[in-house]
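First the structure, in the form of structure tokens, and then the observations on it.
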Amino acid sequence: REFPAQALVAGVPLVLAGRVALLLHQATVRGASAQTELAGLGMVGDSEGVVRVREDVLRVADLLVPVLVRGETGTGKELVARALHARSPRRAGPFVSVNLGALAKDLIAAELFGAVRGAFTGAARDREGFFRAAHGGTLFLDEVAEAPPEVQAALLRVLETQEVYPVGAQTPVRVDVRLVTATDADLEAHIRDGHFKAPLLHRLAGFEITVPPLRERREDIAPLFLHFARQELESTGEAGRLSSSDARAEPWLPASLAARLVRSAWPGNVRQLRNVARQLVIGSRGLPGLRVDARLEQSLDADALPIPGQPLTERSPSPASEDTPPPSETRAPARRKPSEVSEQEVLEALRACAWDLKATADWLGIPRSSVYVLIDKSSLLRTARDLSPEEITRCFHECEGDLDRMVQKLEVSRRALHRRVRELGLDAS
């Protein structure tokens, strides 16, 4: 079958014979020499987004210019900073990583620039500070948007003079540091609000690298998951589970779970995927394959992004999911008031999003909680709790226990319907 071009851009997962999961996607072919040059750098994956990050690292690693790494939380910004250090002439020097968001506001200056004995209450001895600790190497400052105004001014002075003033000191100390900073905040908005200094942004962003979120690099989900799973299996002494040569054995990673992994929006990005891999591996110790509990399954389904032609199983997708452009790719509406949304608009959005309430809220530009309110008020819609046990049971048998078909037939939230099915003692597939 043919898939819409926008579906292939996002990636279309297919499950074949209930055993094999494939992801169809568009890719750029590169020569062997280019692949060899870009390989490694501690980054798993070969998506366009990751390749661009690797290329940017190689372009700027040997220079002294400050680098600003942007990206959502959990995307691996520190990994980029470490790659910059490893490919720089400073690789033999120290790499010091600091999360400004984790430091006490009144101690950030002393932690960064050092302090002399007696400079403040509790300063019983001289403090070196992170800048001097990174002398000759690289200093990575994460969550730089959390720096208070006085620290921002001091950072700007360090970038301009290569000197730091320890707290309480009268003379500056020269430092030789390559500065890499990172943030998931909109620094331009912070500047407009008066919370961040524009000159500092200009100095920090001598070169910018943007790390893509995991939902934009779906082809990397499988290698990333296996990378994290292999680490956990090695720690539990079960690394051999990934090297079975029996083609007839049940797959260690069930195809249905693999499809759920690539459908998820992963709001926590790579960090969330790593935690899920750890939970699955540890929760399946001693078992022949991975076992996923109902709570995790529901969580993955709740975060799934509806994409045309992207079924969870090998069956054909519903007409709504096949013909309707994906909300996440065709529109990103401004935030609206729930009172501006009509009943018919809610119904159409729910159908377009396969009754995923989170995706529906994003589609309509309203909070998820408001979707519940609009459904309750609507004369066109009902919820899973409005369904009688007889109606659910009858639909269960008509759909042969296929929960996705039941959702399309009953037009209610999948998560809520799954809960009702379990309460009735039915075993949904």
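Chain labels A, B, ... are given in the sequence in which chains occur in the structure tokens; within each chain residues are numbered consecutively from 1, and ligands are likewise numbered from 1 in the order shown.
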Write out as a VMD selection string each polymer residue whose atoms come within 10 Å of Ala86 (chain A), counting only C-alpha atoms; drop sequence neighbours fewer than 3 positions from it. chain A and resid 41 to 42 61 to 62 80 to 83 89 to 93 95 138
Any chance you could export the current selection's C-alpha atoms as a JSON list (two decimals), in the first residue's frame?
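That gives us selection.json:
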[["chain", "number", "residue", "atom", "x", "y", "z"],
["A", 41, "LEU", "CA", 31.06, 10.73, 18.95],
["A", 42, "GLY", "CA", 29.11, 8.84, 21.61],
["A", 61, "ALA", "CA", 35.14, 21.18, 18.01],
["A", 62, "ASP", "CA", 38.68, 22.39, 17.26],
["A", 80, "VAL", "CA", 27.08, 16.89, 22.69],
["A", 81, "ALA", "CA", 29.27, 18.88, 25.08],
["A", 82, "ARG", "CA", 31.37, 15.80, 25.82],
["A", 83, "ALA", "CA", 31.72, 15.11, 22.09],
["A", 89, "PRO", "CA", 42.67, 20.08, 21.26],
["A", 90, "ARG", "CA", 41.68, 20.25, 24.94],
["A", 91, "ARG", "CA", 40.72, 16.58, 25.14],
["A", 92, "ALA", "CA", 43.60, 15.88, 27.55],
["A", 93, "GLY", "CA", 42.34, 18.59, 29.91],
["A", 95, "PHE", "CA", 35.79, 18.28, 31.42],
["A", 138, "THR", "CA", 36.03, 22.49, 28.89]]
Which region 249-312 of chain A residues have any atom within 8 Å of an atom of region 405-422 of chain A, and for each, what is the nearest pair of atoms with distance in Å to one decimal, counting only C-alpha atoms, rows sorted by chain and number, as a tab-separated table?
residue	atom	partner	partner_atom	distance
A:Gln298	CA	A:Arg415	CA	6.3
A:Asp301	CA	A:Arg415	CA	7.7
A:Ala302	CA	A:Arg415	CA	6.9
Those residues you just picked out, can you put them in a file as a PDB file, in the first residue's frame with C-alpha atoms?
ATOM      1  CA  GLN A 298      -1.261   2.629  28.828  1.00  0.00           C
ATOM      2  CA  ASP A 301      -0.472   4.556  24.253  1.00  0.00           C
ATOM      3  CA  ALA A 302      -1.442   7.833  25.925  1.00  0.00           C
TER       4      ALA A 302
END
Distance CA of Ala109 (chain A)-CA of Gly129 (chain A), one decimal place?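 Computed distance, CA of Ala109 (chain A) to CA of Gly129 (chain A), equals 8.6 Å.
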Which residue gives the smallest distance to Ala198 (chain A) among A:Leu257, A:Ala153, A:Cys353, A:Leu280, with only C-alpha atoms counted?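 Residue with the minimum atom-to-atom distance to Ala198 (chain A): A:Ala153.
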Pick out each residue of region 12-235 of chain A that DSSP on the backbone tags as strand (DSSP E); I need them as an NGL selection string. :A and (12-16 or 20-24 or 67-70 or 95-99 or 138-142 or 163-164 or 173-174 or 178-183 or 207-210)
Keeping N, CA and C atoms for every residue in the selection just given, could you write it to a file as a tab-separated table (two decimals), in the first residue's frame?
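What follows is the written file result-v1.tsv:
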chain	number	residue	atom	x	y	z
A	12	VAL	N	6.56	5.33	9.52
A	12	VAL	CA	5.37	4.48	9.59
A	12	VAL	C	5.76	3.12	10.13
A	13	PRO	N	5.35	2.76	11.35
A	13	PRO	CA	5.67	1.43	11.89
A	13	PRO	C	4.69	0.38	11.36
A	14	LEU	N	5.21	-0.76	10.98
A	14	LEU	CA	4.39	-1.89	10.51
A	14	LEU	C	4.76	-3.13	11.30
A	15	VAL	N	3.76	-3.92	11.63
A	15	VAL	CA	3.97	-5.20	12.30
A	15	VAL	C	3.59	-6.30	11.33
A	16	LEU	N	4.53	-7.20	11.04
A	16	LEU	CA	4.31	-8.26	10.08
A	16	LEU	C	4.21	-9.60	10.79
A	20	VAL	N	7.49	-9.33	13.50
A	20	VAL	CA	8.52	-8.43	13.01
A	20	VAL	C	7.97	-7.01	12.95
A	21	ALA	N	8.69	-6.05	13.49
A	21	ALA	CA	8.29	-4.65	13.43
A	21	ALA	C	9.25	-3.90	12.51
A	22	LEU	N	8.69	-3.18	11.56
A	22	LEU	CA	9.48	-2.38	10.63
A	22	LEU	C	9.08	-0.92	10.76
A	23	LEU	N	10.01	-0.04	10.45
A	23	LEU	CA	9.70	1.39	10.40
A	23	LEU	C	10.09	1.91	9.02
A	24	LEU	N	9.06	2.31	8.25
A	24	LEU	CA	9.31	2.89	6.95
A	24	LEU	C	9.54	4.39	7.11
A	67	VAL	N	30.04	27.56	22.63
A	67	VAL	CA	28.97	26.86	21.93
A	67	VAL	C	27.74	26.81	22.82
A	68	LEU	N	26.59	27.13	22.25
A	68	LEU	CA	25.31	27.02	22.95
A	68	LEU	C	24.55	25.83	22.37
A	69	VAL	N	24.19	24.87	23.23
A	69	VAL	CA	23.47	23.68	22.81
A	69	VAL	C	22.01	23.85	23.23
A	70	ARG	N	21.11	23.83	22.26
A	70	ARG	CA	19.69	23.96	22.56
A	70	ARG	C	18.99	22.63	22.35
A	95	PHE	N	37.15	17.95	31.86
A	95	PHE	CA	35.79	18.28	31.42
A	95	PHE	C	34.96	18.40	32.68
A	96	VAL	N	34.46	19.61	32.95
A	96	VAL	CA	33.70	19.87	34.17
A	96	VAL	C	32.26	20.18	33.78
A	97	SER	N	31.31	19.41	34.33
A	97	SER	CA	29.90	19.59	34.02
A	97	SER	C	29.16	20.14	35.24
A	98	VAL	N	28.41	21.22	35.02
A	98	VAL	CA	27.70	21.89	36.11
A	98	VAL	C	26.26	22.15	35.68
A	99	ASN	N	25.31	21.78	36.53
A	99	ASN	CA	23.90	22.10	36.30
A	99	ASN	C	23.55	23.30	37.16
A	138	THR	N	37.36	22.04	29.30
A	138	THR	CA	36.03	22.49	28.89
A	138	THR	C	35.12	22.57	30.11
A	139	LEU	N	34.38	23.67	30.20
A	139	LEU	CA	33.37	23.82	31.26
A	139	LEU	C	32.00	23.80	30.60
A	140	PHE	N	31.16	22.87	31.04
A	140	PHE	CA	29.81	22.74	30.51
A	140	PHE	C	28.82	23.23	31.55
A	141	LEU	N	28.07	24.27	31.20
A	141	LEU	CA	27.05	24.84	32.09
A	141	LEU	C	25.68	24.51	31.53
A	142	ASP	N	24.98	23.60	32.18
A	142	ASP	CA	23.62	23.24	31.77
A	142	ASP	C	22.62	24.16	32.46
A	163	GLU	N	39.04	36.27	32.55
A	163	GLU	CA	39.43	36.41	33.95
A	163	GLU	C	38.20	36.26	34.84
A	164	VAL	N	38.41	35.68	36.02
A	164	VAL	CA	37.34	35.56	37.00
A	164	VAL	C	37.74	36.30	38.27
A	173	VAL	N	41.69	36.40	38.51
A	173	VAL	CA	42.49	35.21	38.23
A	173	VAL	C	42.26	34.83	36.77
A	174	ARG	N	43.32	34.65	36.01
A	174	ARG	CA	43.18	34.32	34.60
A	174	ARG	C	42.83	32.84	34.44
A	178	ARG	N	37.31	26.55	27.67
A	178	ARG	CA	36.35	26.53	26.54
A	178	ARG	C	34.96	26.36	27.18
A	179	LEU	N	34.06	27.31	26.94
A	179	LEU	CA	32.75	27.29	27.59
A	179	LEU	C	31.69	26.73	26.63
A	180	VAL	N	30.97	25.72	27.11
A	180	VAL	CA	29.82	25.15	26.39
A	180	VAL	C	28.62	25.27	27.32
A	181	THR	N	27.56	25.88	26.84
A	181	THR	CA	26.35	26.04	27.66
A	181	THR	C	25.18	25.34	26.99
A	182	ALA	N	24.14	25.10	27.76
A	182	ALA	CA	22.97	24.41	27.23
A	182	ALA	C	21.71	24.92	27.91
A	183	THR	N	20.59	24.83	27.20
A	183	THR	CA	19.31	25.24	27.76
A	183	THR	C	18.17	24.60	27.00
A	207	PHE	N	28.52	29.71	18.47
A	207	PHE	CA	28.01	28.72	17.52
A	207	PHE	C	26.91	27.97	18.24
A	208	GLU	N	25.82	27.70	17.53
A	208	GLU	CA	24.68	27.00	18.13
A	208	GLU	C	24.52	25.61	17.54
A	209	ILE	N	24.19	24.66	18.41
A	209	ILE	CA	23.85	23.30	17.99
A	209	ILE	C	22.49	22.96	18.58
A	210	THR	N	21.57	22.53	17.76
A	210	THR	CA	20.23	22.17	18.22
A	210	THR	C	20.07	20.66	18.18
CA of Glu111 (chain A) and CA of Arg125 (chain A), how far apart in Å?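 About the pair CA of Arg125 (chain A) and CA of Glu111 (chain A): they are 13.1 Å apart.
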Those in region 16-203 of chain A with alpha helix (DSSP H) from DSSP, as number ranges by chain: A: 32-38, 48-60, 77-86, 108-113, 130-133, 149-161, 187-192, 198-203
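Atom to atom, CA of Ser235 (chain A) and CA of Gly289 (chain A) stand 16.9 Å apart.
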Can you work out which one of A:Ala239, A:Ile392, A:Ala147, A:Val44 has the shortest atom-to-atom distance to Leu224 (chain A), counting only C-alpha atoms? A:Val44
